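Asker: Below you'll find target18.pdb; it's PDB, C-alpha atoms and all ligand atoms.
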ATOM      1  CA  MET A 477       0.000   0.000   0.000  1.00  0.00           C
ATOM      2  CA  LYS A 478       1.154   3.547  -0.741  1.00  0.00           C
ATOM      3  CA  ASN A 479       1.973   6.186   1.846  1.00  0.00           C
ATOM      4  CA  ILE A 480      -0.566   8.944   2.342  1.00  0.00           C
ATOM      5  CA  VAL A 481       1.539  12.102   2.513  1.00  0.00           C
ATOM      6  CA  LEU A 482       0.093  15.349   3.836  1.00  0.00           C
ATOM      7  CA  ILE A 483       1.653  18.508   2.435  1.00  0.00           C
ATOM      8  CA  GLY A 484       0.766  22.180   2.827  1.00  0.00           C
ATOM      9  CA  PHE A 485       1.514  25.371   4.676  1.00  0.00           C
ATOM     10  CA  MET A 486       2.066  25.727   8.429  1.00  0.00           C
ATOM     11  CA  GLY A 487      -1.192  25.439  10.333  1.00  0.00           C
ATOM     12  CA  SER A 488      -3.020  23.628   7.546  1.00  0.00           C
ATOM     13  CA  GLY A 489      -3.667  20.718   9.930  1.00  0.00           C
ATOM     14  CA  LYS A 490      -1.267  18.104   8.541  1.00  0.00           C
ATOM     15  CA  THR A 491      -0.462  16.616  11.952  1.00  0.00           C
ATOM     16  CA  THR A 492      -4.012  16.701  13.311  1.00  0.00           C
ATOM     17  CA  VAL A 493      -5.565  15.298  10.135  1.00  0.00           C
ATOM     18  CA  GLY A 494      -2.714  12.780   9.812  1.00  0.00           C
ATOM     19  CA  ARG A 495      -3.416  11.356  13.266  1.00  0.00           C
ATOM     20  CA  ILE A 496      -7.126  11.001  12.471  1.00  0.00           C
ATOM     21  CA  LEU A 497      -6.344   9.249   9.183  1.00  0.00           C
ATOM     22  CA  ALA A 498      -3.886   6.927  10.919  1.00  0.00           C
ATOM     23  CA  ASP A 499      -6.560   6.000  13.475  1.00  0.00           C
ATOM     24  CA  GLN A 500      -9.284   5.457  10.914  1.00  0.00           C
ATOM     25  CA  LEU A 501      -7.189   3.526   8.434  1.00  0.00           C
ATOM     26  CA  GLY A 502      -5.132   1.612  11.005  1.00  0.00           C
ATOM     27  CA  MET A 503      -1.855   2.856   9.526  1.00  0.00           C
ATOM     28  CA  PRO A 504       1.246   4.057  11.408  1.00  0.00           C
ATOM     29  CA  PHE A 505       1.691   7.826  11.658  1.00  0.00           C
ATOM     30  CA  HIS A 506       4.960   9.724  11.169  1.00  0.00           C
ATOM     31  CA  ASP A 507       5.628  13.457  11.303  1.00  0.00           C
ATOM     32  CA  THR A 508       8.865  14.658   9.673  1.00  0.00           C
ATOM     33  CA  ASP A 509       9.209  17.610  12.100  1.00  0.00           C
ATOM     34  CA  ARG A 510       9.062  15.270  15.105  1.00  0.00           C
ATOM     35  CA  LEU A 511      11.535  12.828  13.492  1.00  0.00           C
ATOM     36  CA  ILE A 512      13.966  15.716  12.976  1.00  0.00           C
ATOM     37  CA  GLU A 513      13.559  16.875  16.576  1.00  0.00           C
ATOM     38  CA  GLU A 514      14.092  13.371  17.934  1.00  0.00           C
ATOM     39  CA  LYS A 515      17.244  12.852  15.897  1.00  0.00           C
ATOM     40  CA  ALA A 516      18.670  16.303  16.668  1.00  0.00           C
ATOM     41  CA  GLY A 517      17.697  16.100  20.336  1.00  0.00           C
ATOM     42  CA  MET A 518      16.283  19.631  20.260  1.00  0.00           C
ATOM     43  CA  ASP A 519      13.195  21.419  19.014  1.00  0.00           C
ATOM     44  CA  ILE A 520      12.891  23.104  15.630  1.00  0.00           C
ATOM     45  CA  GLY A 521      13.102  26.619  17.041  1.00  0.00           C
ATOM     46  CA  ARG A 522      16.459  25.783  18.559  1.00  0.00           C
ATOM     47  CA  ILE A 523      17.773  24.050  15.433  1.00  0.00           C
ATOM     48  CA  PHE A 524      17.048  27.239  13.436  1.00  0.00           C
ATOM     49  CA  GLU A 525      18.545  29.409  16.146  1.00  0.00           C
ATOM     50  CA  GLU A 526      21.740  27.436  16.660  1.00  0.00           C
ATOM     51  CA  SER A 527      22.462  26.085  13.187  1.00  0.00           C
ATOM     52  CA  GLY A 528      20.259  27.997  10.731  1.00  0.00           C
ATOM     53  CA  GLU A 529      17.640  27.053   8.148  1.00  0.00           C
ATOM     54  CA  ASP A 530      20.074  25.360   5.729  1.00  0.00           C
ATOM     55  CA  HIS A 531      21.065  22.885   8.428  1.00  0.00           C
ATOM     56  CA  PHE A 532      17.393  22.270   9.253  1.00  0.00           C
ATOM     57  CA  ARG A 533      16.704  21.579   5.554  1.00  0.00           C
ATOM     58  CA  ARG A 534      19.512  18.991   5.477  1.00  0.00           C
ATOM     59  CA  LEU A 535      18.034  17.217   8.502  1.00  0.00           C
ATOM     60  CA  GLU A 536      14.622  17.428   6.865  1.00  0.00           C
ATOM     61  CA  LYS A 537      15.961  15.828   3.701  1.00  0.00           C
ATOM     62  CA  ASP A 538      17.395  12.886   5.676  1.00  0.00           C
ATOM     63  CA  ALA A 539      14.119  12.445   7.558  1.00  0.00           C
ATOM     64  CA  VAL A 540      12.091  12.460   4.331  1.00  0.00           C
ATOM     65  CA  LYS A 541      14.375   9.926   2.655  1.00  0.00           C
ATOM     66  CA  ASP A 542      14.114   7.550   5.634  1.00  0.00           C
ATOM     67  CA  VAL A 543      10.384   7.809   6.208  1.00  0.00           C
ATOM     68  CA  ALA A 544       9.385   7.681   2.532  1.00  0.00           C
ATOM     69  CA  ALA A 545      11.351   4.529   1.799  1.00  0.00           C
ATOM     70  CA  ARG A 546       8.570   2.209   2.968  1.00  0.00           C
ATOM     71  CA  GLY A 547       4.875   2.313   2.072  1.00  0.00           C
ATOM     72  CA  GLY A 548       1.718   1.918   4.161  1.00  0.00           C
ATOM     73  CA  ARG A 549       2.259   4.980   6.354  1.00  0.00           C
ATOM     74  CA  ILE A 550       0.557   8.270   7.011  1.00  0.00           C
ATOM     75  CA  ILE A 551       3.227  10.979   6.768  1.00  0.00           C
ATOM     76  CA  ALA A 552       2.757  14.585   7.881  1.00  0.00           C
ATOM     77  CA  THR A 553       5.456  16.829   6.419  1.00  0.00           C
ATOM     78  CA  GLY A 554       6.818  20.254   7.311  1.00  0.00           C
ATOM     79  CA  GLY A 555       5.483  23.104   5.193  1.00  0.00           C
ATOM     80  CA  GLY A 556       8.773  23.578   3.334  1.00  0.00           C
ATOM     81  CA  VAL A 557       9.380  19.934   2.376  1.00  0.00           C
ATOM     82  CA  VAL A 558       8.093  20.265  -1.179  1.00  0.00           C
ATOM     83  CA  LEU A 559      10.546  23.082  -2.013  1.00  0.00           C
ATOM     84  CA  ASP A 560      13.205  20.422  -2.546  1.00  0.00           C
ATOM     85  CA  GLU A 561      12.750  18.360  -5.718  1.00  0.00           C
ATOM     86  CA  GLU A 562      14.492  15.315  -4.301  1.00  0.00           C
ATOM     87  CA  ASN A 563      12.129  15.331  -1.317  1.00  0.00           C
ATOM     88  CA  VAL A 564       9.186  15.418  -3.703  1.00  0.00           C
ATOM     89  CA  SER A 565      10.486  12.547  -5.787  1.00  0.00           C
ATOM     90  CA  HIS A 566      11.124  10.388  -2.676  1.00  0.00           C
ATOM     91  CA  LEU A 567       7.651  11.145  -1.342  1.00  0.00           C
ATOM     92  CA  LYS A 568       5.917  10.575  -4.671  1.00  0.00           C
ATOM     93  CA  LYS A 569       7.633   7.278  -5.378  1.00  0.00           C
ATOM     94  CA  GLU A 570       5.656   5.392  -2.725  1.00  0.00           C
ATOM     95  CA  GLY A 571       3.106   8.033  -1.878  1.00  0.00           C
ATOM     96  CA  PHE A 572      -0.195   9.730  -2.624  1.00  0.00           C
ATOM     97  CA  LEU A 573       0.249  13.451  -1.898  1.00  0.00           C
ATOM     98  CA  VAL A 574      -2.639  15.334  -0.310  1.00  0.00           C
ATOM     99  CA  TYR A 575      -2.390  19.132  -0.212  1.00  0.00           C
ATOM    100  CA  LEU A 576      -4.234  20.766   2.699  1.00  0.00           C
ATOM    101  CA  GLU A 577      -5.062  24.337   1.664  1.00  0.00           C
ATOM    102  CA  VAL A 578      -5.130  27.132   4.237  1.00  0.00           C
ATOM    103  CA  SER A 579      -5.181  30.937   4.096  1.00  0.00           C
ATOM    104  CA  ALA A 580      -2.367  33.021   5.626  1.00  0.00           C
ATOM    105  CA  ARG A 581      -4.813  34.371   8.191  1.00  0.00           C
ATOM    106  CA  ASP A 582      -6.035  30.936   9.329  1.00  0.00           C
ATOM    107  CA  SER A 583      -2.483  29.619   9.351  1.00  0.00           C
ATOM    108  CA  CYS A 584      -1.363  32.379  11.744  1.00  0.00           C
ATOM    109  CA  ARG A 585      -4.427  31.986  13.913  1.00  0.00           C
ATOM    110  CA  ARG A 586      -3.831  28.242  14.265  1.00  0.00           C
ATOM    111  CA  VAL A 587      -0.090  28.354  15.053  1.00  0.00           C
ATOM    112  CA  GLU A 588      -0.072  31.451  17.244  1.00  0.00           C
ATOM    113  CA  GLY A 589       2.239  31.019  20.231  1.00  0.00           C
ATOM    114  CA  GLU A 590       3.777  27.750  19.024  1.00  0.00           C
ATOM    115  CA  ALA A 591       7.567  27.609  19.108  1.00  0.00           C
ATOM    116  CA  ASP A 592       8.332  25.441  16.075  1.00  0.00           C
ATOM    117  CA  ARG A 593       7.490  28.044  13.388  1.00  0.00           C
ATOM    118  CA  PRO A 594      10.582  30.288  13.329  1.00  0.00           C
ATOM    119  CA  LEU A 595       9.676  31.448   9.807  1.00  0.00           C
ATOM    120  CA  LEU A 596       6.593  33.186  11.235  1.00  0.00           C
ATOM    121  CA  ASP A 597       8.454  34.621  14.197  1.00  0.00           C
ATOM    122  CA  SER A 598       8.164  38.218  13.001  1.00  0.00           C
ATOM    123  CA  PRO A 599       6.454  41.436  14.155  1.00  0.00           C
ATOM    124  CA  ASP A 600       3.918  40.876  11.371  1.00  0.00           C
ATOM    125  CA  PRO A 601       3.433  37.091  11.066  1.00  0.00           C
ATOM    126  CA  GLU A 602       0.483  37.404   8.686  1.00  0.00           C
ATOM    127  CA  SER A 603       2.529  39.320   6.093  1.00  0.00           C
ATOM    128  CA  ALA A 604       5.343  36.803   6.476  1.00  0.00           C
ATOM    129  CA  ALA A 605       2.823  33.985   5.947  1.00  0.00           C
ATOM    130  CA  GLU A 606       1.321  35.769   2.896  1.00  0.00           C
ATOM    131  CA  ARG A 607       4.741  36.100   1.283  1.00  0.00           C
ATOM    132  CA  LEU A 608       5.731  32.475   1.882  1.00  0.00           C
ATOM    133  CA  LEU A 609       2.333  31.128   0.875  1.00  0.00           C
ATOM    134  CA  CYS A 610       2.379  33.181  -2.313  1.00  0.00           C
ATOM    135  CA  ALA A 611       5.800  31.798  -3.225  1.00  0.00           C
ATOM    136  CA  ARG A 612       4.811  28.201  -2.424  1.00  0.00           C
ATOM    137  CA  THR A 613       1.205  27.743  -3.531  1.00  0.00           C
ATOM    138  CA  ALA A 614       2.065  26.818  -7.124  1.00  0.00           C
ATOM    139  CA  VAL A 615       4.489  24.149  -5.897  1.00  0.00           C
ATOM    140  CA  TYR A 616       1.967  22.626  -3.483  1.00  0.00           C
ATOM    141  CA  GLU A 617      -0.623  22.535  -6.262  1.00  0.00           C
ATOM    142  CA  SER A 618       1.665  21.085  -8.880  1.00  0.00           C
ATOM    143  CA  VAL A 619       2.944  18.159  -6.807  1.00  0.00           C
ATOM    144  CA  ALA A 620      -0.378  17.225  -5.152  1.00  0.00           C
ATOM    145  CA  ASP A 621      -2.481  14.230  -6.201  1.00  0.00           C
ATOM    146  CA  LEU A 622      -5.417  15.721  -4.307  1.00  0.00           C
ATOM    147  CA  SER A 623      -6.137  19.179  -2.836  1.00  0.00           C
ATOM    148  CA  VAL A 624      -8.516  19.702   0.088  1.00  0.00           C
ATOM    149  CA  LYS A 625      -9.700  23.022   1.547  1.00  0.00           C
ATOM    150  CA  THR A 626      -9.363  23.319   5.323  1.00  0.00           C
ATOM    151  CA  SER A 627     -10.664  26.817   6.082  1.00  0.00           C
ATOM    152  CA  GLU A 628     -13.935  26.691   8.009  1.00  0.00           C
ATOM    153  CA  VAL A 629     -13.807  22.883   7.990  1.00  0.00           C
ATOM    154  CA  GLY A 630     -12.884  20.839  11.052  1.00  0.00           C
ATOM    155  CA  PRO A 631     -10.121  18.206  10.842  1.00  0.00           C
ATOM    156  CA  ASP A 632     -12.625  15.328  11.097  1.00  0.00           C
ATOM    157  CA  ARG A 633     -14.396  16.488   7.958  1.00  0.00           C
ATOM    158  CA  VAL A 634     -11.117  17.051   6.149  1.00  0.00           C
ATOM    159  CA  ALA A 635     -10.053  13.501   7.047  1.00  0.00           C
ATOM    160  CA  ALA A 636     -13.434  12.090   5.967  1.00  0.00           C
ATOM    161  CA  GLU A 637     -13.127  13.810   2.586  1.00  0.00           C
ATOM    162  CA  ILE A 638      -9.655  12.364   2.083  1.00  0.00           C
ATOM    163  CA  VAL A 639     -10.736   8.841   3.055  1.00  0.00           C
ATOM    164  CA  GLY A 640     -13.690   9.089   0.647  1.00  0.00           C
ATOM    165  CA  VAL A 641     -11.458  10.034  -2.278  1.00  0.00           C
ATOM    166  CA  LEU A 642      -8.805   7.435  -1.390  1.00  0.00           C
ATOM    167  CA  ARG A 643     -11.481   4.710  -1.298  1.00  0.00           C
ATOM    168  CA  ASP A 644     -12.989   5.860  -4.602  1.00  0.00           C
ATOM    169  CA  ARG A 645      -9.573   5.723  -6.205  1.00  0.00           C
ATOM    170  CA  GLY A 646      -8.750   2.332  -4.697  1.00  0.00           C
ATOM    171  CA  GLU A 647      -5.758   3.704  -2.753  1.00  0.00           C
ATOM    172  CA  VAL A 648      -7.021   2.265   0.561  1.00  0.00           C
ATOM    173  CA  ALA A 649      -9.406  -0.545   1.508  1.00  0.00           C
TER
HETATM  174  C1  LIG B   1       8.304  25.074   7.990  1.00  0.00           C
HETATM  175  C2  LIG B   1       7.202  24.468   8.556  1.00  0.00           C
HETATM  176  C3  LIG B   1       7.237  23.818   9.877  1.00  0.00           C
HETATM  177  C4  LIG B   1       8.655  23.363  10.221  1.00  0.00           C
HETATM  178  C5  LIG B   1       9.615  24.493  10.063  1.00  0.00           C
HETATM  179  C6  LIG B   1       9.642  25.071   8.651  1.00  0.00           C
HETATM  180  C7  LIG B   1       8.161  25.719   6.664  1.00  0.00           C
HETATM  181  O1  LIG B   1       6.378  22.675   9.877  1.00  0.00           O
HETATM  182  O2  LIG B   1       9.039  22.305   9.381  1.00  0.00           O
HETATM  183  O3  LIG B   1       9.285  25.487  10.983  1.00  0.00           O
HETATM  184  O4  LIG B   1       9.173  25.977   5.990  1.00  0.00           O
HETATM  185  O5  LIG B   1       7.007  25.964   6.243  1.00  0.00           O
HETATM  186  P1  LIG B   1       4.742  22.755   9.845  1.00  0.00           P
HETATM  187  O6  LIG B   1       4.330  22.964   8.429  1.00  0.00           O
HETATM  188  O7  LIG B   1       4.344  21.413  10.361  1.00  0.00           O
HETATM  189  O8  LIG B   1       4.353  23.863  10.724  1.00  0.00           O
END
Please lay out the structure from this file as structure tokens.

Answerer:
Amino acid sequence: MKNIVLIGFMGSGKTTVGRILADQLGMPFHDTDRLIEEKAGMDIGRIFEESGEDHFRRLEKDAVKDVAARGGRIIATGGGVVLDEENVSHLKKEGFLVYLEVSARDSCRRVEGEADRPLLDSPDPESAAERLLCARTAVYESVADLSVKTSEVGPDRVAAEIVGVLRDRGEVA
């Protein structure tokens, strides 16, 4: 069975929806951000602070390569994973990519006060989110096998929509 890979911007609900999918489909759940933190022995905020974004991206690349190598998993990714072509090709090889769409405003509202989003740690997080989202949306859309809107929809409904499509397409039993 393929992996179900959740991609999309910060605060789109990849982790929350991923856990629901894992429960419903009886598949193991992995989150690339948590795998990076476990391996580095520190949280993402600190990795950025001490070693910078480039170092974080290298750790992210290793985590993606490891987790994508086997199928049958639900994988939640960090919002910047798809910016690297090699990451995308690893994830696509054994995976069905689901893009969770979110607006900059909802993204900021959902992640407010959380420490693992250094890219939004700015005096004006919504403008920072707008800029990043604008630069990334075309990539998310072009690599996705399925796109699902998450604004004004709870994670249970998002997960139900995904399961419905996956069943229709014969990707899961
Ligand atoms: C990032 C998103 C974060 C985390 C890191 C960088 C990004 O993950 O990987 O802060 O570049 O969009 P979430 O999308 O899970 O918040």

Asker: For ligand LIG 1 (chain B), list the contacting residues at 8 Å or closer, counting all atoms listed in the file, as a ChimeraX atom specification.

Answerer: /A:483-488,490-491,508-509,520-521,536,552-557,587,592-595,608

Asker: As a VMD selection string, please: the residues near Asp600 of chain A (cut-off 12 Å, all atoms listed in the file, same-chain neighbours under 6 positions excluded).

Answerer: chain A and resid 580 to 581 584 588 606 to 607

Asker: Applied to the shown file, which residues does the PyMOL selection byres (((chain A and resi 496) around 12) and not hetatm) return, written as number ranges by chain?

Answerer: A: 489-495, 497-505, 550-552, 630-639

Asker: What does the distance from atom CA of Arg643 of chain A to atom CA of Leu482 of chain A come to in Å, to one decimal?

Answerer: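 Distance between the two atoms: 16.5 Å.
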
Asker: Between atom CA of Ala605 of chain A and atom CA of Leu576 of chain A, what is the distance in Å, rounded to a tenth?

Answerer: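 Distance reported for this atom pair: 15.3 Å.
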
Asker: Using all atoms listed in the file, which residue out of A:Leu573, A:Glu602, A:Ala620, A:Asp538 lies closest to Arg585 of chain A?

Answerer: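 Between A:Leu573, A:Glu602, A:Ala620, A:Asp538, the residue approaching Arg585 of chain A most closely is A:Glu602.
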
Asker: Val578 of chain A: which residues within 7 Å, counting only C-alpha atoms, same-chain residues fewer than 4 positions away excluded, as a count of residues only?

Answerer: 7

Asker: Where does the PyMOL selection byres (((chain A and resi 572) around 7) and not hetatm) land in this file, that is, which residues does it pick, as a list in words?

Answerer: Lys478, Asn479, Ile480, Val481, Lys568, Gly571, Leu573, Val574 and Asp621 of chain A

Asker: Which residues match the PyMOL selection byres (((chain A and resi 543) around 10) and not hetatm) in the file above, as a ChimeraX atom specification?

Answerer: /A:479,506-508,511,538-542,544-547,549-551,566-567

Asker: Residues within 12 Å of (-11.5, -1.7, 1.3), file coordinates, counting only C-alpha atoms: what are they? Give the list as a PyMOL selection string.

Answerer: chain A and resi 477+501+639-640+642-649

Asker: Name the closest residue to Ala614 of chain A among the candidates A:Glu577, A:Glu570, A:Leu596, A:Asn563; distances are taken between atoms, counting only C-alpha atoms.

Answerer: A:Glu577

Asker: Would you compute the distance between atom CA of Val619 of chain A and atom CA of Arg533 of chain A? Give it in Å to one decimal.

Answerer: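 Computing it gives 18.8 Å between the two atoms.
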
Asker: Give the answer as one residue: which of A:Met518, A:Ile512, A:Cys610, A:Ser618 has the shortest atom-to-atom distance to Val564 of chain A, using only C-alpha atoms?

Answerer: A:Ser618

Asker: List as a PyMOL selection string: which residues have an atom within 8 Å of (24.4, 17.7, 13.0), counting all atoms listed in the file?

Answerer: chain A and resi 516+531+535

Asker: For the selection just defined, write its residues with C-alpha atoms to a file, as a PDB file, in the coordinates of the input.

Answerer:
ATOM      1  CA  ALA A 516      18.670  16.303  16.668  1.00  0.00           C
ATOM      2  CA  HIS A 531      21.065  22.885   8.428  1.00  0.00           C
ATOM      3  CA  LEU A 535      18.034  17.217   8.502  1.00  0.00           C
TER       4      LEU A 535
END

Asker: With all atoms listed in the file as the atoms that count, which of A:Val558, A:Ile523, A:Ala604, A:Val629 lies nearest to Tyr616 of chain A?

Answerer: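 Residue with the minimum atom-to-atom distance to Tyr616 of chain A: A:Val558.
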